[in-house]
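First up is the structure itself, then whatever we jot down about it.
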Amino acid sequence: MSTDSISHFFSPQKIVVVGASRREGSLGQIIIKNLLAGGVAAANLSAVNPKYDKVLDTPCFSTVAGLPAVPDLAVIVSPAKTIPNLIGELGIKGTKSVIVISAGFSEGGSQQGGQLEAEMLSEAQKYSMRIIGPNCLGVLSPINGLNASFSHLMPPKGKIGVISQSGAMLTSIIDWACGRGIGFSHLVSLGDMSDVGFPEMLDFMSADPNTNAILIYMESIHNARRFISAARAASRTKPVVVLKVGRSPEGRKAAASHTGALAGSDDVYEAAFNRCGLLRVDGMRELFYAAASLTAIKPVKADKLAILTNGGGMGVLATDALIAEGGTLATLSAETLQKLDEKLPASWSQGNPVDIIGDAGPDRYSEALKIVQADKGVDAVLVLNCPTAVASSLEAAEAISTVAKKSDQCLLASWVGSATAEKSRSLFAERGIPSYATPEAAVNSFMHLVRYKRNQDILMETPPALTADLAFDSDKAWGIVAKVISEGREWLNELEAKAVLDAYGIPTVKTHLAKSPEEASAFAEALGFPVVLKLFSPDILHKSDVRGVALNLRSSEAVQQAALDIEQTVREMRPDARIEGFTVQKMVSSKGTHELILGVLNDQTFGPILLFGQGGTAVEILDDKALALPPLNLKLAKDMVSRTKVYQLLKGYRDQEAIDMDALLLTLIKLSQMVVDLDHLAELDINPLLVSKEGVIVLDARIKASIKKTAGADQLAIHPYPQKYEELVRLKSGQTFKIRPVRPEDEPALIENFEKMTQEEIRFRFFHIVKKMDHLMAARFTQIDYDREMALVVTDPGNDPEWNLYAVVRLIRDPSGNGAEFSLIVNHIVGGQGLGSLLMRRIISYAKAQGIEEIYGEVLAENSVMISLCKRVGFSVHKKLNDPGVVGVSLKLSA
């Protein structure tokens with residue numbers, strides 16, 4: 001992707017409209033009008049249509065080749081059948097950015113339309129051209145005076161960026177916002193997303209200094225991995241709010257496993273948004289309230305809200321809305337209550353909500369707000385006003401805005417009513433104080449702030465390091481799966497499934513296969529009673545559906561009779577099913593235990609998904625589950641478990657002891673690693689997983705294999721830890737170090753290494769003195785997206801959680817993906833051993849394998865050691881004219 005080709009969609013110098021028309025009301029005329037009205041100079045605009053020499057005084061040419069200058073941006077409104085050739089002509093001309101307004105491609109599902117789209121993209125790729133559309137509204141950039149669309153309105157300038165799949169939704173957003181004075185930086189209608197989609201637009205808007213928040217209207221995602229990569233990067237820099245339509249359960253597909261039945265497609269999108277740190281909303285009004293809140297309101301530290309009102313009923317209404325949305329009503333301190341007592345009438349509410357009585361004037365509002373804001377237990381204040389005949393609502397608004405100006409605390413206002421509230425709302429808008437028509441809307445916006453803060457905290461939280469050294473036998477597991485596939489089967493039998501789990505260290509109850517009731521009885525005698533007897537059939541997945549499970553059998557006779565009963569029942573209910581025997585296992589006591597379900601499913605959009613929830617035979621009825629995208633670490637596993645209702649039970653209650661939570665979380669991590677390793681794993685059910693204070697044990701499991709690759713690192717929506725880059729190196733000094741990719745768990749070690757470095761080492765790396773590496777800075781360096789960057793660290797050998805971290809080489813891809821910027825830092829403690837050269841060679845090798853064409857960087861001119869190192873590994877060095885204190889270094893890899 002060319003950076004210029006994306007930026008030219010929003011700030012082009014030269015623009016051409018291909019298919020421009022003089023016909024009143026035609027798209028070709030409307031777009032010319034909008035471009036001129038938006039602020040594009042006539043000299044920078046041209047048209048192509050063989051019928052005309054001018055369109056609205058804009059020069060019109062018969063062909064693209066006849067254009068006097070190379071257009072930065074082309075907007076095409078010609079018939080679909082003409083567009084592949086036009087794309088080729090524009091490519092020859094040198095145009096790199098094209099908006100295709102026209103419909104008639106794959107959106108209709110027609111074979112001819114799909115072929116035209118393929119031809120269009122083929123032509124575009126020849127010239128490294130990017131296309132927005134087809135079948136789209138176009139692009140608007142109020143900040144740049146650009147309206148390359150057929151929108152009926154040009155919105156004012158603002159700090160909100162909008163990315164929409166639907167043109168109709170985008171015009172509705174524009175109309176709604178214009179009526180409320182809400183402005184935008186950029187708005188784009190992606191249409192059918194044949195080329196440019198959410199990832200490119202998120203990258204552009206997250207880097208754009210004129211955009212403070214990003215709104216997304218989404219119907220579907222075409223490339224989950226690229227979307228999640230871009231969304232995770234964007235949400236670390238600014239709020240990203242998503243309105244995703246299609247929540248209904250009709251989108252679910254029938255599935256053979258409990259996991260498939262539990263996980264609807266919308267649940268998977270929700271899990272993806274959570275992982276990315278995005279804020280999801282339910283409707284257009286909520287979308288804008290969220291955007292307005294996140295861009296205009298001062299940030300909140302937590303969720304404790306104080307409510308200040310002149311009407312008790314409105315305060316109660318706001319309180320109910322707050323509690324319903326999961327917020328917290330702040331508890332006012334004794335000092336605050338005393339100060340309010342001194343300033344307010346005796347009949348005030350004596351608590352939160354602070355009802356200052358209906359006759360409250362501006363002074364009472366002002367004094368009460370100052371006192372409440374000073375309370376350390378208050379994170380934000382919602383001020384309400386109901387119109388009365390004895391006090392001016394406008395004067396109260398003036399007083400509130402004056403106090404707010406002097407405070408850095410989050411403040412929201414809701415002046416209820418219409419006729420008397422408009423002037424107050426206008427005043428709040430002028431003063432930059434967000435106001436809402438109803439208390440519920442104000443609370444909803446506050447909770448968006450709270451949820452965004454929580455999302456960011458989760459996104460930046462440092463995961464604890466694993467204390468257990470996890471070892472997996474992936475070869476054994478793959479051997480079992482491969483055998484099943486070679487035999488033409490999909491589902492592993494119970495013994496095979498448990499053997500796969502055993503290869504990943506997931507405890508299973510010892511199970512024997514008996515071919516007859518008599519053999520089952522013998523196994524039971526050897527195991528000791530009581531035992532469990534289960535049907536063993538390749539044709540029946542859910543044994544309980546055919547009464548194929550007998551529990552708590554306490555004698556040989558009971559085992560034989562249960563086997564005969566199961567056999568007879570299956571013959572009656574499923575005469576087509578093959579009965580290959582019975583499994584016998586020790587009856588595990590359920591005292592003090594909980595039944596859980598763990599699962600893996602393959603989502604059409606996001607690939608492998610993990611499921612956790614309350615298990616047992618009533619799992620679908622309970623519907624208590626959480627989904628997550630692999631890979632997991634301890635923090636993500638804990639977050640997944642905590643999103644279920646059963647989590648409260650697992651922590652212990654009354655006389656029930658808490659379970660071994662570490663064992664459960666490790667089991668989820670092991671399952672996550674299984675998904676990374678086994679690329680033919682299609683579906684998995686562990687139900688039930690029995691958990692207690694003693695640990696975990698699998699009682700039953702089902703695994704489905706696939707001939708096609710449905711799991712594995714390449715199928716995941718998030719790039720897993722690239723273990724293949726781990727290596728042990730022995731230096732000439734005799735010391736052995738481990739080189740490996742950085743992990744989020746490395747944050748403490750990174751900070752400790754930073755504290756051991758000299759000021760000169762720090763200045764050479766950052767170009768200025770950084771006195772302290774805080775959590776946010778360290779998280780940014782350790783919580784990386786392996787699709788976008790790589791950081792190789794040098795540590796002590798082994799897996800001791802108290803490892804040292806001595807050196808880091810980092811490579812960050814630029815937006816085009818063709819180049820990457822490097823950085824290197826080596827602690828003087830290990831200096832002089834050749835680690836710097838070794839790391840540079842490793843990162844160059846990595847870059848070549850990734851198809852990167854050039855590595856570049858900047859070095860302080862006085863850093864002679866680094867400059868010398870760069871020369872040794874093949875970099876060219878050149879002076880930077882705009883900064884004599886810095887030199888540029890680069891290495892071409894394409895040759």
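Labels used: A, B, ... for chains in the order of the structure tokens, numbers from 1 for residues in each chain, and numbers from 1 for ligands as shown.
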task: Mind listing the alpha helix (DSSP H) residues of range 59-265 of chain A, per DSSP on the backbone, as a VMD selection string?
output: chain A and resid 83 to 93 111 to 126 167 to 178 198 to 207 224 to 235 258 to 262 265
Go ahead and save the picked residues with C-alpha atoms, as a compact mmCIF listing (two decimals), in the first residue's frame.
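In the end it all went to part.txt:
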# COMPACT_ATOMS: atom_id res chain seq x y z
CA ILE A 83 -14.43 0.66 -15.71
CA PRO A 84 -11.70 -1.99 -16.15
CA ASN A 85 -10.45 -0.19 -19.27
CA LEU A 86 -10.71 3.21 -17.54
CA ILE A 87 -8.66 1.90 -14.61
CA GLY A 88 -5.98 0.82 -17.06
CA GLU A 89 -5.97 4.23 -18.76
CA LEU A 90 -5.72 6.02 -15.41
CA GLY A 91 -2.87 3.70 -14.39
CA ILE A 92 -0.95 4.54 -17.57
CA LYS A 93 -1.56 8.22 -16.85
CA GLN A 111 -21.14 -13.88 -12.45
CA GLN A 112 -20.67 -11.05 -14.96
CA GLY A 113 -20.38 -8.43 -12.19
CA GLY A 114 -17.84 -10.56 -10.34
CA GLN A 115 -15.78 -10.92 -13.50
CA LEU A 116 -15.81 -7.15 -14.07
CA GLU A 117 -14.61 -6.58 -10.50
CA ALA A 118 -11.79 -9.07 -10.95
CA GLU A 119 -10.72 -7.35 -14.19
CA MET A 120 -10.86 -3.94 -12.48
CA LEU A 121 -8.64 -5.11 -9.62
CA SER A 122 -6.23 -6.81 -12.01
CA GLU A 123 -5.74 -3.54 -13.90
CA ALA A 124 -5.32 -1.58 -10.64
CA GLN A 125 -2.63 -3.95 -9.35
CA LYS A 126 -0.54 -3.45 -12.48
CA GLY A 167 -23.46 5.09 1.69
CA ALA A 168 -27.07 5.49 2.87
CA MET A 169 -25.95 5.24 6.48
CA LEU A 170 -23.21 7.80 5.87
CA THR A 171 -25.67 10.36 4.43
CA SER A 172 -27.95 9.70 7.42
CA ILE A 173 -25.04 10.30 9.79
CA ILE A 174 -24.16 13.52 7.96
CA ASP A 175 -27.76 14.77 8.06
CA TRP A 176 -28.17 13.89 11.75
CA ALA A 177 -24.88 15.53 12.71
CA CYS A 178 -25.33 18.69 10.66
CA PHE A 198 -11.32 -0.86 7.16
CA PRO A 199 -7.60 -1.60 7.76
CA GLU A 200 -6.31 1.11 5.42
CA MET A 201 -8.78 3.69 6.69
CA LEU A 202 -8.04 2.89 10.34
CA ASP A 203 -4.32 3.25 9.67
CA PHE A 204 -4.85 6.60 7.96
CA MET A 205 -7.20 8.08 10.57
CA SER A 206 -5.22 6.80 13.56
CA ALA A 207 -2.16 8.63 12.22
CA ALA A 224 -10.14 -10.31 9.88
CA ARG A 225 -6.39 -10.44 10.51
CA ARG A 226 -5.68 -7.13 8.81
CA PHE A 227 -8.70 -5.51 10.46
CA ILE A 228 -7.71 -6.62 13.97
CA SER A 229 -4.12 -5.55 13.40
CA ALA A 230 -5.21 -2.08 12.33
CA ALA A 231 -7.91 -1.79 14.99
CA ARG A 232 -5.54 -2.74 17.82
CA ALA A 233 -3.05 -0.14 16.62
CA ALA A 234 -5.70 2.58 16.21
CA SER A 235 -7.38 2.01 19.57
CA HIS A 258 -22.20 -27.56 22.01
CA THR A 259 -19.51 -24.98 21.23
CA GLY A 260 -20.92 -24.29 17.78
CA ALA A 261 -24.46 -24.01 19.11
CA LEU A 262 -23.42 -21.59 21.84
CA SER A 265 -21.55 -14.88 14.77
- Item | Contacts of Gly505 in chain A at 8 Å (only C-alpha atoms; same-chain gap of 4+ positions) as a VMD selection string | chain A and resid 471 to 472 501 670
Extract, using only C-alpha atoms, all DNA, RNA and protein residues at most 12 Å from Ala705 in chain A, discarding same-chain residues fewer than 3 positions from it, and format them as a compact mmCIF listing (two decimals) with C-alpha atoms, in the first residue's frame.
# COMPACT_ATOMS: atom_id res chain seq x y z
CA ALA A 477 -1.15 -34.82 18.80
CA TRP A 478 -0.69 -34.24 15.07
CA GLY A 479 -0.01 -37.95 14.53
CA ILE A 480 -3.40 -38.81 16.04
CA VAL A 481 -5.23 -36.16 13.97
CA ALA A 482 -3.41 -37.18 10.78
CA LYS A 483 -4.43 -40.83 11.29
CA VAL A 484 -8.08 -39.82 11.61
CA ILE A 485 -7.91 -37.73 8.42
CA SER A 486 -6.15 -40.54 6.51
CA GLU A 487 -9.00 -42.90 7.44
CA GLY A 488 -11.56 -40.48 6.00
CA ARG A 489 -13.04 -39.65 9.40
CA GLU A 490 -13.95 -36.24 10.81
CA TRP A 491 -14.51 -36.90 14.50
CA LEU A 492 -11.89 -38.38 16.78
CA ASN A 493 -13.25 -41.01 19.12
CA GLU A 496 -8.18 -40.33 20.54
CA ALA A 497 -9.54 -36.99 21.77
CA VAL A 500 -4.60 -35.30 22.06
CA VAL A 600 -12.87 -24.39 19.92
CA LEU A 601 -14.91 -23.47 16.87
CA ASN A 602 -13.97 -22.20 13.46
CA VAL A 675 -5.12 -24.21 18.24
CA LEU A 678 -2.78 -28.11 15.03
CA ASP A 679 -3.79 -26.53 11.75
CA HIS A 680 -6.31 -29.29 10.94
CA LEU A 681 -8.29 -28.82 14.16
CA ALA A 682 -11.82 -27.85 13.10
CA GLU A 683 -13.81 -28.06 16.32
CA LEU A 684 -13.37 -29.15 19.93
CA ARG A 702 -14.89 -34.36 21.27
CA LYS A 708 -8.43 -28.32 5.02
CA LYS A 709 -6.33 -26.15 7.29
CA THR A 710 -8.81 -24.53 9.69
CA ALA A 711 -6.50 -23.68 12.60
Range 305-415 of chain A: residues DSSP assigns to strand (DSSP E), reported as JSON, numbers by chain
{"A": [305, 306, 307, 308, 309, 328, 329, 354, 355, 380, 381, 382, 383, 384, 385, 410, 411, 412, 413, 414, 415]}
Based on the selection just made, write C-alpha atoms of those residues as a PDB file, in the first residue's frame.
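File written: result.pdb
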ATOM      1  CA  LEU A 305     -20.634   9.367  39.339  1.00  0.00           C
ATOM      2  CA  ALA A 306     -22.127  12.167  41.410  1.00  0.00           C
ATOM      3  CA  ILE A 307     -25.496  13.583  40.324  1.00  0.00           C
ATOM      4  CA  LEU A 308     -26.423  17.202  41.040  1.00  0.00           C
ATOM      5  CA  THR A 309     -30.058  18.112  40.364  1.00  0.00           C
ATOM      6  CA  THR A 328     -21.416   3.216  40.414  1.00  0.00           C
ATOM      7  CA  LEU A 329     -23.115   5.991  42.347  1.00  0.00           C
ATOM      8  CA  VAL A 354     -27.535  15.833  45.489  1.00  0.00           C
ATOM      9  CA  ASP A 355     -31.002  17.393  45.199  1.00  0.00           C
ATOM     10  CA  ALA A 380     -17.400  12.674  37.326  1.00  0.00           C
ATOM     11  CA  VAL A 381     -20.444  14.877  37.896  1.00  0.00           C
ATOM     12  CA  LEU A 382     -23.738  14.890  36.006  1.00  0.00           C
ATOM     13  CA  VAL A 383     -25.624  18.164  36.467  1.00  0.00           C
ATOM     14  CA  LEU A 384     -29.381  18.102  35.822  1.00  0.00           C
ATOM     15  CA  ASN A 385     -31.833  20.965  35.500  1.00  0.00           C
ATOM     16  CA  CYS A 410     -15.343  15.163  33.795  1.00  0.00           C
ATOM     17  CA  LEU A 411     -18.647  17.060  33.692  1.00  0.00           C
ATOM     18  CA  LEU A 412     -21.873  16.278  31.832  1.00  0.00           C
ATOM     19  CA  ALA A 413     -25.094  18.295  31.702  1.00  0.00           C
ATOM     20  CA  SER A 414     -28.726  17.542  30.944  1.00  0.00           C
ATOM     21  CA  TRP A 415     -31.074  20.497  30.799  1.00  0.00           C
TER      22      TRP A 415
END
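Closest approach to Leu35 in chain A among A:Pro134, A:Ala148, A:Ala441, A:Gly94 is made by A:Ala148 (distances from only C-alpha atoms).
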Determine, for each residue of range 287-324 of chain A having at least one atom at most 12 Å from an atom of range 446-453 of chain A, the closest pair of atoms and their separation in Å to one decimal, counting only C-alpha atoms; order by chain and ascending number, as JSON lines.
{"residue": "A:Leu287", "atom": "CA", "partner": "A:His448", "partner_atom": "CA", "distance": 9.8}
{"residue": "A:Phe288", "atom": "CA", "partner": "A:His448", "partner_atom": "CA", "distance": 11.0}
{"residue": "A:Tyr289", "atom": "CA", "partner": "A:His448", "partner_atom": "CA", "distance": 8.6}
{"residue": "A:Ala290", "atom": "CA", "partner": "A:His448", "partner_atom": "CA", "distance": 5.9}
{"residue": "A:Ala291", "atom": "CA", "partner": "A:His448", "partner_atom": "CA", "distance": 9.1}
{"residue": "A:Ala292", "atom": "CA", "partner": "A:His448", "partner_atom": "CA", "distance": 10.3}
{"residue": "A:Ser293", "atom": "CA", "partner": "A:Leu449", "partner_atom": "CA", "distance": 6.9}
{"residue": "A:Leu294", "atom": "CA", "partner": "A:Leu449", "partner_atom": "CA", "distance": 6.4}
{"residue": "A:Thr295", "atom": "CA", "partner": "A:Leu449", "partner_atom": "CA", "distance": 10.1}
{"residue": "A:Ala296", "atom": "CA", "partner": "A:Leu449", "partner_atom": "CA", "distance": 10.9}
{"residue": "A:Ile297", "atom": "CA", "partner": "A:Leu449", "partner_atom": "CA", "distance": 8.6}
{"residue": "A:Lys298", "atom": "CA", "partner": "A:Leu449", "partner_atom": "CA", "distance": 9.3}
{"residue": "A:Pro299", "atom": "CA", "partner": "A:Leu449", "partner_atom": "CA", "distance": 7.1}
{"residue": "A:Val300", "atom": "CA", "partner": "A:Leu449", "partner_atom": "CA", "distance": 6.7}
{"residue": "A:Lys301", "atom": "CA", "partner": "A:Lys453", "partner_atom": "CA", "distance": 7.5}
{"residue": "A:Ala302", "atom": "CA", "partner": "A:Val450", "partner_atom": "CA", "distance": 6.5}
{"residue": "A:Asp303", "atom": "CA", "partner": "A:Val450", "partner_atom": "CA", "distance": 5.8}
{"residue": "A:Lys304", "atom": "CA", "partner": "A:Val450", "partner_atom": "CA", "distance": 9.3}
{"residue": "A:Leu305", "atom": "CA", "partner": "A:Phe446", "partner_atom": "CA", "distance": 8.6}
{"residue": "A:Ala306", "atom": "CA", "partner": "A:Phe446", "partner_atom": "CA", "distance": 11.3}
{"residue": "A:Ile307", "atom": "CA", "partner": "A:Phe446", "partner_atom": "CA", "distance": 11.7}
{"residue": "A:Ala318", "atom": "CA", "partner": "A:Phe446", "partner_atom": "CA", "distance": 11.2}
{"residue": "A:Ala321", "atom": "CA", "partner": "A:Met447", "partner_atom": "CA", "distance": 10.0}
{"residue": "A:Leu322", "atom": "CA", "partner": "A:Met447", "partner_atom": "CA", "distance": 7.8}
{"residue": "A:Ile323", "atom": "CA", "partner": "A:Met447", "partner_atom": "CA", "distance": 10.2}
{"residue": "A:Ala324", "atom": "CA", "partner": "A:Met447", "partner_atom": "CA", "distance": 10.5}
*Length of the CA of Asp375 in chain A to CA of Leu394 in chain A vector [Å]*: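 Pair CA of Asp375 in chain A / CA of Leu394 in chain A returns 26.1 Å.
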Using only C-alpha atoms, which residues sit within 9 Å of Ala43 in chain A once same-chain residues fewer than 5 positions away are excluded, as number ranges by chain?
A: 14, 58-59
Practice prompt. Would you mind reading off the distance between CA of Phe875 in chain A and CA of Leu891 in chain A, one decimal, in Å?
Written response: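 Atom-to-atom, CA of Phe875 in chain A to CA of Leu891 in chain A, that is 4.7 Å.
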